[in-house]
file work_21.tsv (TSV, C-alpha atoms and all ligand atoms)
chain	number	residue	atom	x	y	z
A	7	MET	CA	60.94	108.52	-2.35
A	8	ALA	CA	63.69	109.70	-0.02
A	9	PRO	CA	62.66	109.93	3.65
A	10	THR	CA	61.97	113.47	4.89
A	11	GLU	CA	64.91	114.93	6.78
A	12	PRO	CA	64.07	115.49	10.46
A	13	THR	CA	63.96	119.22	11.26
A	14	SER	CA	67.34	120.21	12.53
A	15	LEU	CA	67.30	122.00	15.89
A	16	ALA	CA	70.08	124.17	14.47
A	17	LEU	CA	67.53	125.69	12.09
A	18	ILE	CA	65.47	127.11	14.96
A	19	SER	CA	66.81	130.52	15.85
A	20	TYR	CA	66.58	131.87	19.38
A	21	PRO	CA	66.96	135.63	20.09
A	22	THR	CA	70.19	135.13	22.00
A	23	HIS	CA	72.29	137.70	20.15
A	24	PRO	CA	72.40	141.01	22.10
A	25	SER	CA	71.09	142.98	19.11
A	26	ALA	CA	68.11	140.60	18.76
A	27	VAL	CA	67.29	141.02	22.45
A	28	SER	CA	67.42	144.80	22.40
A	29	GLU	CA	65.03	145.00	19.42
A	30	ASN	CA	62.20	143.77	21.63
A	31	PRO	CA	61.64	146.33	24.44
A	32	ARG	CA	60.19	143.70	26.80
A	33	CYS	CA	63.22	141.41	26.31
A	34	ALA	CA	65.50	144.41	26.76
A	35	ALA	CA	63.79	145.32	30.05
A	36	GLU	CA	64.11	141.75	31.34
A	37	ALA	CA	67.75	141.63	30.18
A	38	GLN	CA	68.38	144.73	32.31
A	39	VAL	CA	66.81	143.01	35.32
A	40	ILE	CA	69.11	140.02	34.72
A	41	SER	CA	72.19	142.24	34.49
A	42	ARG	CA	71.28	144.00	37.78
A	43	THR	CA	70.84	140.66	39.59
A	44	THR	CA	74.02	139.79	41.46
A	45	GLY	CA	74.72	136.52	43.28
A	46	GLY	CA	72.61	134.26	41.05
A	47	PRO	CA	68.92	134.21	40.22
A	48	ILE	CA	66.44	134.99	43.00
A	49	THR	CA	64.82	131.77	44.18
A	50	GLY	CA	61.64	131.17	46.17
A	51	SER	CA	63.64	129.95	49.18
A	52	ARG	CA	65.79	133.11	49.16
A	53	LEU	CA	62.61	135.23	49.08
A	54	VAL	CA	61.17	133.30	52.06
A	55	THR	CA	64.42	133.84	54.03
A	56	ASP	CA	64.48	137.56	53.18
A	57	LEU	CA	60.79	138.05	54.00
A	58	ARG	CA	61.20	136.38	57.40
A	59	ALA	CA	64.32	138.48	58.12
A	60	LEU	CA	62.29	141.60	57.32
A	61	GLY	CA	59.75	140.57	59.95
A	62	VAL	CA	57.04	138.76	57.98
A	63	THR	CA	55.75	136.15	60.42
A	64	PRO	CA	53.13	133.38	60.27
A	65	GLY	CA	49.59	134.49	61.06
A	66	MET	CA	50.02	138.08	59.84
A	67	THR	CA	47.32	139.66	57.71
A	68	LEU	CA	49.32	141.42	55.04
A	69	LEU	CA	48.55	143.99	52.32
A	70	VAL	CA	51.25	143.82	49.62
A	71	HIS	CA	52.20	146.46	47.03
A	72	SER	CA	54.89	145.18	44.68
A	73	SER	CA	57.21	145.42	41.69
A	74	LEU	CA	58.58	142.16	40.28
A	75	SER	CA	61.51	143.71	38.42
A	76	SER	CA	62.81	145.44	41.57
A	77	LEU	CA	63.39	142.05	43.25
A	78	GLY	CA	65.98	141.00	40.65
A	79	TRP	CA	65.43	138.15	38.20
A	80	VAL	CA	63.12	135.69	39.99
A	81	VAL	CA	63.03	132.03	38.93
A	82	ASP	CA	59.54	131.62	37.39
A	83	GLY	CA	58.60	135.25	38.17
A	84	ALA	CA	55.38	136.37	39.87
A	85	GLU	CA	54.06	132.91	40.81
A	86	THR	CA	57.22	132.24	42.82
A	87	VAL	CA	56.80	135.52	44.72
A	88	VAL	CA	53.16	134.78	45.63
A	89	LEU	CA	54.09	131.26	46.78
A	90	ALA	CA	57.04	132.63	48.81
A	91	LEU	CA	54.72	135.07	50.58
A	92	GLU	CA	52.33	132.25	51.38
A	93	GLU	CA	55.16	130.06	52.69
A	94	ALA	CA	56.64	132.86	54.81
A	95	LEU	CA	53.22	133.53	56.36
A	96	GLY	CA	52.36	129.88	57.01
A	97	SER	CA	49.05	128.07	56.82
A	98	THR	CA	47.14	130.87	58.58
A	99	VAL	CA	48.12	133.35	55.88
A	100	THR	CA	45.74	136.08	54.80
A	101	LEU	CA	47.13	138.10	51.92
A	102	MET	CA	45.55	141.16	50.32
A	103	MET	CA	46.63	143.06	47.22
A	104	PRO	CA	45.13	145.95	45.25
A	105	ALA	CA	43.09	144.98	42.16
A	106	TYR	CA	42.16	148.45	40.83
A	107	SER	CA	40.73	148.55	37.33
A	108	TYR	CA	39.04	150.92	34.91
A	109	ASP	CA	35.31	151.20	35.59
A	110	ALA	CA	33.78	153.78	33.30
A	111	PRO	CA	36.72	155.77	31.97
A	112	GLU	CA	36.21	159.32	30.76
A	113	PRO	CA	38.02	159.60	27.39
A	114	SER	CA	38.10	163.41	27.54
A	115	GLU	CA	40.47	163.06	30.53
A	116	TRP	CA	42.96	160.72	28.81
A	117	GLU	CA	46.39	162.21	28.29
A	118	ASN	CA	48.81	159.35	27.87
A	119	PRO	CA	47.87	158.88	25.06
A	120	PRO	CA	44.82	161.05	24.26
A	121	VAL	CA	42.23	159.85	21.73
A	122	PRO	CA	40.55	162.02	19.07
A	123	GLU	CA	37.58	164.02	20.42
A	124	SER	CA	35.41	162.58	17.64
A	125	TRP	CA	35.85	159.12	19.30
A	126	TRP	CA	34.70	160.12	22.82
A	127	ALA	CA	30.97	159.51	22.38
A	128	THR	CA	31.52	156.04	20.86
A	129	ILE	CA	33.96	155.02	23.61
A	130	ARG	CA	31.53	156.16	26.34
A	131	GLU	CA	28.64	154.37	24.67
A	132	GLU	CA	30.45	151.11	23.88
A	133	TRP	CA	32.61	150.65	27.00
A	134	PRO	CA	31.46	147.28	28.45
A	135	PRO	CA	30.06	147.20	32.00
A	136	TYR	CA	32.60	146.41	34.70
A	137	ASP	CA	32.60	142.73	35.67
A	138	GLY	CA	34.68	141.99	38.77
A	139	ARG	CA	34.94	138.29	37.91
A	140	TRP	CA	37.42	138.99	35.16
A	141	ALA	CA	38.26	142.71	34.84
A	142	ARG	CA	42.05	143.01	34.73
A	143	SER	CA	43.79	145.10	37.35
A	144	GLN	CA	45.63	148.12	35.93
A	145	HIS	CA	49.13	149.46	36.69
A	146	LEU	CA	49.56	147.36	39.83
A	147	GLY	CA	52.10	144.90	38.47
A	148	VAL	CA	52.18	141.26	37.53
A	149	ILE	CA	52.43	139.98	41.13
A	150	ALA	CA	49.10	141.60	42.13
A	151	GLU	CA	47.46	140.38	38.92
A	152	THR	CA	48.80	136.83	39.36
A	153	PHE	CA	47.47	136.80	42.93
A	154	ARG	CA	44.04	138.09	41.79
A	155	THR	CA	43.70	135.20	39.33
A	156	GLN	CA	44.86	132.47	41.72
A	157	PRO	CA	42.02	130.00	42.49
A	158	GLY	CA	40.22	130.88	45.70
A	159	THR	CA	41.11	134.59	45.70
A	160	LEU	CA	38.14	136.87	46.55
A	161	ARG	CA	37.70	140.39	45.16
A	162	SER	CA	35.88	143.27	46.83
A	163	PRO	CA	32.75	144.56	45.08
A	164	HIS	CA	34.00	147.94	43.86
A	165	PRO	CA	34.22	148.81	40.15
A	166	SER	CA	37.47	150.79	40.32
A	167	LEU	CA	39.26	150.47	43.69
A	168	SER	CA	38.80	146.77	44.48
A	169	PHE	CA	41.17	144.64	46.55
A	170	SER	CA	41.73	140.92	46.27
A	171	ALA	CA	42.39	138.65	49.26
A	172	ARG	CA	42.87	135.01	50.12
A	173	GLY	CA	42.99	133.25	53.49
A	174	PRO	CA	40.89	132.97	56.66
A	175	GLN	CA	40.32	136.75	56.98
A	176	ALA	CA	39.57	137.29	53.27
A	177	PRO	CA	35.75	137.43	53.60
A	178	THR	CA	36.09	140.01	56.42
A	179	LEU	CA	38.55	142.08	54.38
A	180	VAL	CA	36.87	142.11	50.97
A	181	GLY	CA	33.28	140.93	51.59
A	182	ASN	CA	31.96	144.51	51.44
A	183	HIS	CA	33.23	147.70	49.86
A	184	SER	CA	31.37	151.00	50.03
A	185	LEU	CA	30.81	152.83	46.72
A	186	GLU	CA	30.96	156.09	48.64
A	187	ASN	CA	34.46	157.02	49.78
A	188	ALA	CA	36.21	153.95	48.35
A	189	ALA	CA	39.28	154.21	50.59
A	190	GLY	CA	37.37	155.19	53.72
A	191	ASP	CA	35.76	153.41	56.65
A	192	GLY	CA	33.68	151.11	54.45
A	193	SER	CA	36.74	149.80	52.57
A	194	PRO	CA	39.05	146.76	52.83
A	195	LEU	CA	41.75	149.20	54.04
A	196	ALA	CA	39.63	149.96	57.10
A	197	ARG	CA	38.97	146.25	57.72
A	198	LEU	CA	42.76	145.65	57.62
A	199	TYR	CA	43.09	148.42	60.24
A	200	ASP	CA	40.46	146.72	62.45
A	201	LEU	CA	42.34	143.41	62.18
A	202	GLY	CA	45.69	144.97	63.13
A	203	GLY	CA	47.21	144.03	59.76
A	204	TYR	CA	50.54	144.94	58.16
A	205	VAL	CA	51.64	146.59	54.91
A	206	LEU	CA	54.52	145.21	52.85
A	207	LEU	CA	56.07	147.50	50.21
A	208	LEU	CA	57.90	144.94	48.10
A	209	GLY	CA	60.45	146.96	46.15
A	210	VAL	CA	58.17	150.02	45.90
A	211	GLY	CA	58.03	153.29	47.84
A	212	HIS	CA	55.45	155.00	50.02
A	213	ASP	CA	53.95	156.63	46.92
A	214	SER	CA	52.27	153.20	46.39
A	215	ASN	CA	51.10	153.00	50.02
A	216	SER	CA	47.30	152.99	49.50
A	217	SER	CA	46.55	152.84	53.25
A	218	LEU	CA	47.47	156.53	53.39
A	219	HIS	CA	44.26	157.21	51.46
A	220	LEU	CA	42.45	155.91	54.56
A	221	SER	CA	44.39	158.54	56.54
A	222	GLU	CA	43.25	161.19	54.05
A	223	THR	CA	39.61	160.22	54.55
A	224	ARG	CA	39.95	160.34	58.37
A	225	ALA	CA	41.91	163.60	58.57
A	226	HIS	CA	40.44	167.10	58.53
A	227	TRP	CA	42.04	169.37	55.95
A	228	PRO	CA	40.89	172.15	53.60
A	229	GLY	CA	39.42	170.67	50.42
A	230	ARG	CA	38.45	167.45	52.20
A	231	GLU	CA	34.77	167.96	51.32
A	232	GLU	CA	35.31	168.31	47.56
A	233	MET	CA	33.37	165.22	46.49
A	234	ARG	CA	33.40	164.01	42.89
A	235	SER	CA	30.71	161.68	41.57
A	236	ARG	CA	30.97	159.25	38.69
A	237	LYS	CA	28.35	157.03	37.08
A	238	GLY	CA	28.87	153.77	35.25
A	239	LYS	CA	27.54	150.30	34.68
A	240	TRP	CA	28.57	147.00	36.19
A	241	VAL	CA	27.50	143.37	36.29
A	242	ARG	CA	25.96	142.36	39.64
A	243	GLU	CA	24.66	138.81	40.11
A	244	GLY	CA	24.37	138.38	36.36
A	245	ARG	CA	22.49	141.66	35.72
A	246	VAL	CA	23.81	144.95	34.31
A	247	GLU	CA	23.12	147.75	36.80
A	248	GLU	CA	24.11	151.40	37.12
A	249	PHE	CA	26.47	152.48	39.88
A	250	LEU	CA	27.29	155.87	41.34
A	251	LEU	CA	30.70	156.47	42.93
A	252	LEU	CA	31.31	159.34	45.31
A	253	ASP	CA	34.89	160.23	46.21
A	254	PHE	CA	37.02	163.24	46.96
A	255	ASN	CA	40.27	164.04	45.22
A	256	TRP	CA	43.27	162.31	46.75
A	257	HIS	CA	46.77	163.74	46.95
A	258	SER	CA	49.22	160.84	46.88
A	259	GLU	CA	52.02	163.13	45.61
A	260	GLU	CA	52.90	163.87	49.27
A	261	PHE	CA	53.10	160.23	50.34
A	262	GLY	CA	56.88	159.99	49.75
A	263	SER	CA	57.65	162.78	52.29
A	264	LEU	CA	55.02	161.43	54.67
A	265	GLY	CA	56.65	157.99	54.52
A	266	LYS	CA	60.12	159.43	55.24
A	267	ASP	CA	58.77	161.22	58.33
A	268	LEU	CA	56.97	158.05	59.45
A	269	GLU	CA	60.26	156.16	59.27
A	270	SER	CA	62.34	158.73	61.15
A	271	GLU	CA	59.74	159.71	63.77
A	272	THR	CA	58.10	156.38	64.66
A	273	ARG	CA	60.81	153.83	63.86
A	274	SER	CA	57.93	151.43	63.13
A	275	VAL	CA	59.07	150.55	59.61
A	276	SER	CA	61.32	147.54	59.11
A	277	ILE	CA	63.54	148.17	56.07
A	278	GLY	CA	65.64	145.47	54.43
A	279	PRO	CA	66.44	143.50	51.30
A	280	VAL	CA	64.04	141.13	49.58
A	281	GLY	CA	65.93	139.78	46.59
A	282	ILE	CA	67.91	142.81	45.42
A	283	SER	CA	65.16	145.26	46.38
A	284	GLU	CA	64.89	147.54	49.39
A	285	SER	CA	61.55	146.58	50.94
A	286	ARG	CA	59.50	147.87	53.86
A	287	LEU	CA	57.17	146.25	56.39
A	288	MET	CA	55.00	148.27	58.79
A	289	PRO	CA	51.98	147.90	61.06
A	290	GLN	CA	49.08	149.49	59.16
A	291	ARG	CA	47.47	151.11	62.24
A	292	THR	CA	50.64	153.03	63.09
A	293	LEU	CA	50.93	154.06	59.44
A	294	VAL	CA	47.31	155.23	59.13
A	295	ASP	CA	47.25	157.07	62.49
A	296	PHE	CA	50.57	158.80	61.76
A	297	GLY	CA	49.20	159.68	58.30
A	298	VAL	CA	46.14	161.38	59.84
A	299	ARG	CA	48.32	163.55	62.14
A	300	TRP	CA	50.81	164.34	59.33
A	301	ILE	CA	48.08	165.35	56.86
A	302	GLU	CA	46.27	167.52	59.43
A	303	HIS	CA	49.55	169.24	60.27
A	304	HIS	CA	50.85	169.75	56.72
A	305	ARG	CA	47.62	170.44	54.82
A	306	ASN	CA	46.34	172.93	57.38
A	307	LYS	CA	49.55	175.00	57.32
A	308	VAL	CA	48.95	178.68	56.62
A	309	PRO	CA	51.05	179.52	53.53
A	310	ASP	CA	53.97	181.93	54.07
A	311	PRO	CA	53.10	185.53	53.07
A	312	PRO	CA	54.51	186.51	49.66
A	313	SER	CA	57.97	188.10	50.08
A	314	ALA	CA	58.12	191.88	49.44
A	401	LIG	C1	54.01	150.08	38.30
A	401	LIG	C2	54.82	148.92	38.86
A	401	LIG	C3	53.91	147.71	39.05
A	401	LIG	C4	55.94	148.59	37.86
A	401	LIG	O1	56.82	147.60	38.38
A	401	LIG	P1	57.55	146.59	37.39
A	401	LIG	O2	58.48	145.79	38.18
A	401	LIG	O3	58.13	147.37	36.28
A	401	LIG	O4	56.38	145.73	36.77
A	401	LIG	P2	55.85	144.28	37.20
A	401	LIG	O5	55.81	144.15	38.67
A	401	LIG	O6	54.57	144.11	36.47
A	401	LIG	O7	56.93	143.28	36.65
A	401	LIG	C5	57.03	143.07	35.25
A	401	LIG	C6	58.45	143.37	34.80
A	401	LIG	O8	59.38	142.53	35.47
A	401	LIG	C7	60.45	142.16	34.59
A	401	LIG	N1	60.54	140.72	34.59
A	401	LIG	C8	60.15	139.79	33.65
A	401	LIG	N2	60.42	138.54	34.10
A	401	LIG	C9	60.98	138.69	35.31
A	401	LIG	C10	61.46	137.77	36.28
A	401	LIG	N3	61.43	136.44	36.07
A	401	LIG	N4	61.97	138.26	37.43
A	401	LIG	C11	62.00	139.61	37.68
A	401	LIG	N5	61.57	140.53	36.80
A	401	LIG	C12	61.05	140.05	35.63
A	401	LIG	C13	60.13	142.72	33.23
A	401	LIG	O9	60.89	143.90	33.06
A	401	LIG	C14	58.66	143.04	33.32
A	401	LIG	O10	58.30	144.17	32.57
A	401	LIG	P3	57.28	143.96	31.32
A	401	LIG	O11	55.96	143.53	31.91
A	401	LIG	O12	57.21	145.31	30.70
A	401	LIG	O13	57.86	142.92	30.47
A	401	LIG	C15	55.47	149.30	40.23
A	401	LIG	O14	56.42	150.32	40.05
A	401	LIG	C16	54.45	149.81	41.25
A	401	LIG	O15	54.13	151.00	41.32
A	401	LIG	N6	53.92	148.88	42.08
A	401	LIG	C17	52.96	149.21	43.13
A	401	LIG	C18	51.56	149.35	42.57
A	401	LIG	C19	50.55	149.62	43.67
A	401	LIG	O16	50.26	148.78	44.49
A	401	LIG	N7	49.99	150.84	43.65
A	401	LIG	C20	49.02	151.26	44.62
A	401	LIG	C21	48.45	152.57	44.15
A	401	LIG	S1	48.15	153.75	45.47
call {"tool": "encode", "arguments": {"input": "work_21.tsv", "output": "structure tokens", "more": "lines below"}}
Ligand SMILES: CC(C)(COP(=O)(O)OP(=O)(O)OC[C@H]1O[C@@H](n2cnc3c(N)ncnc32)[C@H](O)[C@@H]1OP(=O)(O)O)[C@@H](O)C(=O)NCCC(=O)NCCS
result
Amino acid sequence: MAPTEPTSLALISYPTHPSAVSENPRCAAEAQVISRTTGGPITGSRLVTDLRALGVTPGMTLLVHSSLSSLGWVVDGAETVVLALEEALGSTVTLMMPAYSYDAPEPSEWENPPVPESWWATIREEWPPYDGRWARSQHLGVIAETFRTQPGTLRSPHPSLSFSARGPQAPTLVGNHSLENAAGDGSPLARLYDLGGYVLLLGVGHDSNSSLHLSETRAHWPGREEMRSRKGKWVREGRVEEFLLLDFNWHSEEFGSLGKDLESETRSVSIGPVGISESRLMPQRTLVDFGVRWIEHHRNKVPDPPSA
């Protein structure tokens, strides 16, 4: 019998042709990132240099909000970014990132996409209890999710607005998290404030700046008392228990204008490139205190009378 021909490498097809790439939306999105990346791929050492130039210094306690694609094409992606942050901050690094997830979603409120009304009861009944050991974070990006799953990262005990942290200050930051007023004085955001921490917006704008929710909870403005409660189930120390969340409605749609005013009025925000992104570093106390004053001023404004 004739020996079997070894498989020829030429027979394996790779999606290198432009039309093949564009058929897969994820490949097409990554191809766009590659085409926007000038001056070679973004390496870990370049990220460390850029982060230090922005003002990230060893010993800082840092809350990071991020977008991987905005940095340009990074060699090995999210892992490289997390390692670069750790290197830029040194051995005393404490990093924190959001780890928000769905707790007990209300299917009647889903819009994008909606589900048939006849499914609502089944979804409510069958939705598994929240388990913070493995519940994925939602809509926060691959860097935050990679950080959450890194060995040794702690996660705060909140079924929807948790934060993850690693480093010497991590137990202080995420050891407790109040179920009432999740972004308020019993939250990791408030512990970051106590510690004099910093916020890094890595290629994202102030609309992702969660610390401004702490400002909202500390400011006095009309509508502040409108509390909303939500029940659900979660796993606590191996047992399924009910939880009750109590929060008021937040208004992050104003955070972009608030951030612009913070930058022009306080000059406390360091703005510069990290990879190909425009990134921002700021002391969280200045941010939160400015946010309280801004919200009290803008949300208490008497509306102009209707023109005749
Ligand atoms: C929503 C958000 C995460 C989207 O950013 P994004 O860059 O598109 O998404 P990710 O950070 O998950 O990066 C993944 C994308 O990077 C690109 N990518 C893939 N490999 C890459 C690489 N090696 N280098 C760079 N980009 C790469 C891909 O386009 C990928 O998209 P895909 O997952 O659809 O394939 C971001 O806009 C945001 O809002 N971040 C802040 C979130 C936050 O902290 N919010 C607080 C709420 S108050």
call {"tool": "atom_distance", "arguments": {"input": "work_21.tsv", "atom1": "atom O11 of ligand LIG 401 (chain A)", "atom2": "CA of Val87 in chain A"}}
result
15.1 Å
call {"tool": "residues_around", "arguments": {"input": "work_21.tsv", "residues": "range 185-190 of chain A", "least_positions_apart": "2", "cutoff": "12 Å", "atoms": "only C-alpha atoms", "output": "tab-separated table (two decimals) with C-alpha atoms, in the coordinates of the input"}}
result
chain	number	residue	atom	x	y	z
A	104	PRO	CA	45.13	145.95	45.25
A	106	TYR	CA	42.16	148.45	40.83
A	162	SER	CA	35.88	143.27	46.83
A	163	PRO	CA	32.75	144.56	45.08
A	164	HIS	CA	34.00	147.94	43.86
A	165	PRO	CA	34.22	148.81	40.15
A	166	SER	CA	37.47	150.79	40.32
A	167	LEU	CA	39.26	150.47	43.69
A	168	SER	CA	38.80	146.77	44.48
A	169	PHE	CA	41.17	144.64	46.55
A	182	ASN	CA	31.96	144.51	51.44
A	183	HIS	CA	33.23	147.70	49.86
A	192	GLY	CA	33.68	151.11	54.45
A	193	SER	CA	36.74	149.80	52.57
A	194	PRO	CA	39.05	146.76	52.83
A	195	LEU	CA	41.75	149.20	54.04
A	196	ALA	CA	39.63	149.96	57.10
A	197	ARG	CA	38.97	146.25	57.72
A	198	LEU	CA	42.76	145.65	57.62
A	199	TYR	CA	43.09	148.42	60.24
A	215	ASN	CA	51.10	153.00	50.02
A	216	SER	CA	47.30	152.99	49.50
A	217	SER	CA	46.55	152.84	53.25
A	218	LEU	CA	47.47	156.53	53.39
A	219	HIS	CA	44.26	157.21	51.46
A	220	LEU	CA	42.45	155.91	54.56
A	221	SER	CA	44.39	158.54	56.54
A	222	GLU	CA	43.25	161.19	54.05
A	223	THR	CA	39.61	160.22	54.55
A	224	ARG	CA	39.95	160.34	58.37
A	225	ALA	CA	41.91	163.60	58.57
A	230	ARG	CA	38.45	167.45	52.20
A	231	GLU	CA	34.77	167.96	51.32
A	232	GLU	CA	35.31	168.31	47.56
A	233	MET	CA	33.37	165.22	46.49
A	234	ARG	CA	33.40	164.01	42.89
A	235	SER	CA	30.71	161.68	41.57
A	236	ARG	CA	30.97	159.25	38.69
A	237	LYS	CA	28.35	157.03	37.08
A	238	GLY	CA	28.87	153.77	35.25
A	248	GLU	CA	24.11	151.40	37.12
A	249	PHE	CA	26.47	152.48	39.88
A	250	LEU	CA	27.29	155.87	41.34
A	251	LEU	CA	30.70	156.47	42.93
A	252	LEU	CA	31.31	159.34	45.31
A	253	ASP	CA	34.89	160.23	46.21
A	254	PHE	CA	37.02	163.24	46.96
A	255	ASN	CA	40.27	164.04	45.22
A	256	TRP	CA	43.27	162.31	46.75
A	294	VAL	CA	47.31	155.23	59.13
call {"tool": "closest_residue", "arguments": {"input": "work_21.tsv", "among": "A:Val241, A:Leu201, A:Val210, A:Ile301", "to": "ligand LIG 401 (chain A)", "atoms": "all atoms listed in the file"}}
result
A:Val210
call {"tool": "residues_near_ligand", "arguments": {"input": "work_21.tsv", "ligand": "ligand LIG 401 (chain A)", "cutoff": "7 Å", "atoms": "all atoms listed in the file", "output": "PyMOL selection string"}}
result
chain A and resi 32-33+35-36+39+71-83+104+145-149+210+213-216
call {"tool": "write_last_selection", "arguments": {"input": "work_21.tsv", "atoms": "C-alpha atoms", "output": "PDB file, keeping the file's coordinate frame"}}
result
ATOM      1  CA  ARG A  32      60.190 143.700  26.800  1.00  0.00           C
ATOM      2  CA  CYS A  33      63.220 141.410  26.310  1.00  0.00           C
ATOM      3  CA  ALA A  35      63.790 145.320  30.050  1.00  0.00           C
ATOM      4  CA  GLU A  36      64.110 141.750  31.340  1.00  0.00           C
ATOM      5  CA  VAL A  39      66.810 143.010  35.320  1.00  0.00           C
ATOM      6  CA  HIS A  71      52.200 146.460  47.030  1.00  0.00           C
ATOM      7  CA  SER A  72      54.890 145.180  44.680  1.00  0.00           C
ATOM      8  CA  SER A  73      57.210 145.420  41.690  1.00  0.00           C
ATOM      9  CA  LEU A  74      58.580 142.160  40.280  1.00  0.00           C
ATOM     10  CA  SER A  75      61.510 143.710  38.420  1.00  0.00           C
ATOM     11  CA  SER A  76      62.810 145.440  41.570  1.00  0.00           C
ATOM     12  CA  LEU A  77      63.390 142.050  43.250  1.00  0.00           C
ATOM     13  CA  GLY A  78      65.980 141.000  40.650  1.00  0.00           C
ATOM     14  CA  TRP A  79      65.430 138.150  38.200  1.00  0.00           C
ATOM     15  CA  VAL A  80      63.120 135.690  39.990  1.00  0.00           C
ATOM     16  CA  VAL A  81      63.030 132.030  38.930  1.00  0.00           C
ATOM     17  CA  ASP A  82      59.540 131.620  37.390  1.00  0.00           C
ATOM     18  CA  GLY A  83      58.600 135.250  38.170  1.00  0.00           C
ATOM     19  CA  PRO A 104      45.130 145.950  45.250  1.00  0.00           C
ATOM     20  CA  HIS A 145      49.130 149.460  36.690  1.00  0.00           C
ATOM     21  CA  LEU A 146      49.560 147.360  39.830  1.00  0.00           C
ATOM     22  CA  GLY A 147      52.100 144.900  38.470  1.00  0.00           C
ATOM     23  CA  VAL A 148      52.180 141.260  37.530  1.00  0.00           C
ATOM     24  CA  ILE A 149      52.430 139.980  41.130  1.00  0.00           C
ATOM     25  CA  VAL A 210      58.170 150.020  45.900  1.00  0.00           C
ATOM     26  CA  ASP A 213      53.950 156.630  46.920  1.00  0.00           C
ATOM     27  CA  SER A 214      52.270 153.200  46.390  1.00  0.00           C
ATOM     28  CA  ASN A 215      51.100 153.000  50.020  1.00  0.00           C
ATOM     29  CA  SER A 216      47.300 152.990  49.500  1.00  0.00           C
TER      30      SER A 216
END
call {"tool": "closest_atom_pairs", "arguments": {"input": "work_21.tsv", "of": "range 203-236 of chain A", "to": "range 265-289 of chain A", "cutoff": "8 Å", "atoms": "all atoms listed in the file", "output": "tab-separated table"}}
result
residue	atom	partner	partner_atom	distance
A:Gly203	CA	A:Pro289	CA	6.3
A:Tyr204	CA	A:Pro289	CA	4.4
A:Val205	CA	A:Met288	CA	5.4
A:Leu206	CA	A:Leu287	CA	4.5
A:Leu207	CA	A:Arg286	CA	5.0
A:Leu208	CA	A:Ser285	CA	4.9
A:Gly209	CA	A:Ser285	CA	4.9
A:Val210	CA	A:Ser285	CA	7.0
A:His212	CA	A:Gly265	CA	5.5
call {"tool": "closest_residue", "arguments": {"input": "work_21.tsv", "among": "A:Arg242, A:Val70, A:Phe261, A:Arg52", "to": "Ser170 in chain A", "atoms": "only C-alpha atoms"}}
result
A:Val70
call {"tool": "atom_distance", "arguments": {"input": "work_21.tsv", "atom1": "CA of Thr152 in chain A", "atom2": "CA of Pro31 in chain A"}}
result
21.9 Å
call {"tool": "residues_around", "arguments": {"input": "work_21.tsv", "residues": "Glu112 in chain A", "least_positions_apart": "2", "cutoff": "10 Å", "atoms": "all atoms listed in the file", "output": "ChimeraX atom specification"}}
result
/A:108-110,114-116,126-127,129-130,236
call {"tool": "atom_distance", "arguments": {"input": "work_21.tsv", "atom1": "CA of Arg305 in chain A", "atom2": "CA of Gly262 in chain A"}}
result
14.9 Å
call {"tool": "closest_residue", "arguments": {"input": "work_21.tsv", "among": "A:Thr63, A:Glu29, A:Thr98, A:Leu264", "to": "Asp295 in chain A", "atoms": "all atoms listed in the file"}}
result
A:Leu264
call {"tool": "closest_residue", "arguments": {"input": "work_21.tsv", "among": "A:Arg161, A:Trp227, A:Ser51, A:Val99", "to": "Asp137 in chain A", "atoms": "all atoms listed in the file"}}
result
A:Arg161
call {"tool": "closest_residue", "arguments": {"input": "work_21.tsv", "among": "A:Gly65, A:Pro157, A:Gly244, A:Pro135", "to": "Thr100 in chain A", "atoms": "all atoms listed in the file"}}
result
A:Gly65
call {"tool": "closest_residue", "arguments": {"input": "work_21.tsv", "among": "A:Thr49, A:Thr159, A:Asn118, A:Ser258", "to": "Met103 in chain A", "atoms": "all atoms listed in the file"}}
result
A:Thr159
call {"tool": "residues_around", "arguments": {"input": "work_21.tsv", "residues": "Thr128 in chain A", "least_positions_apart": "5", "cutoff": "12 Å", "atoms": "only C-alpha atoms", "output": "list of chain:residue names"}}
result
A:Glu112, A:Pro113, A:Ser114, A:Val121, A:Pro122, A:Glu123, A:Trp133, A:Pro134
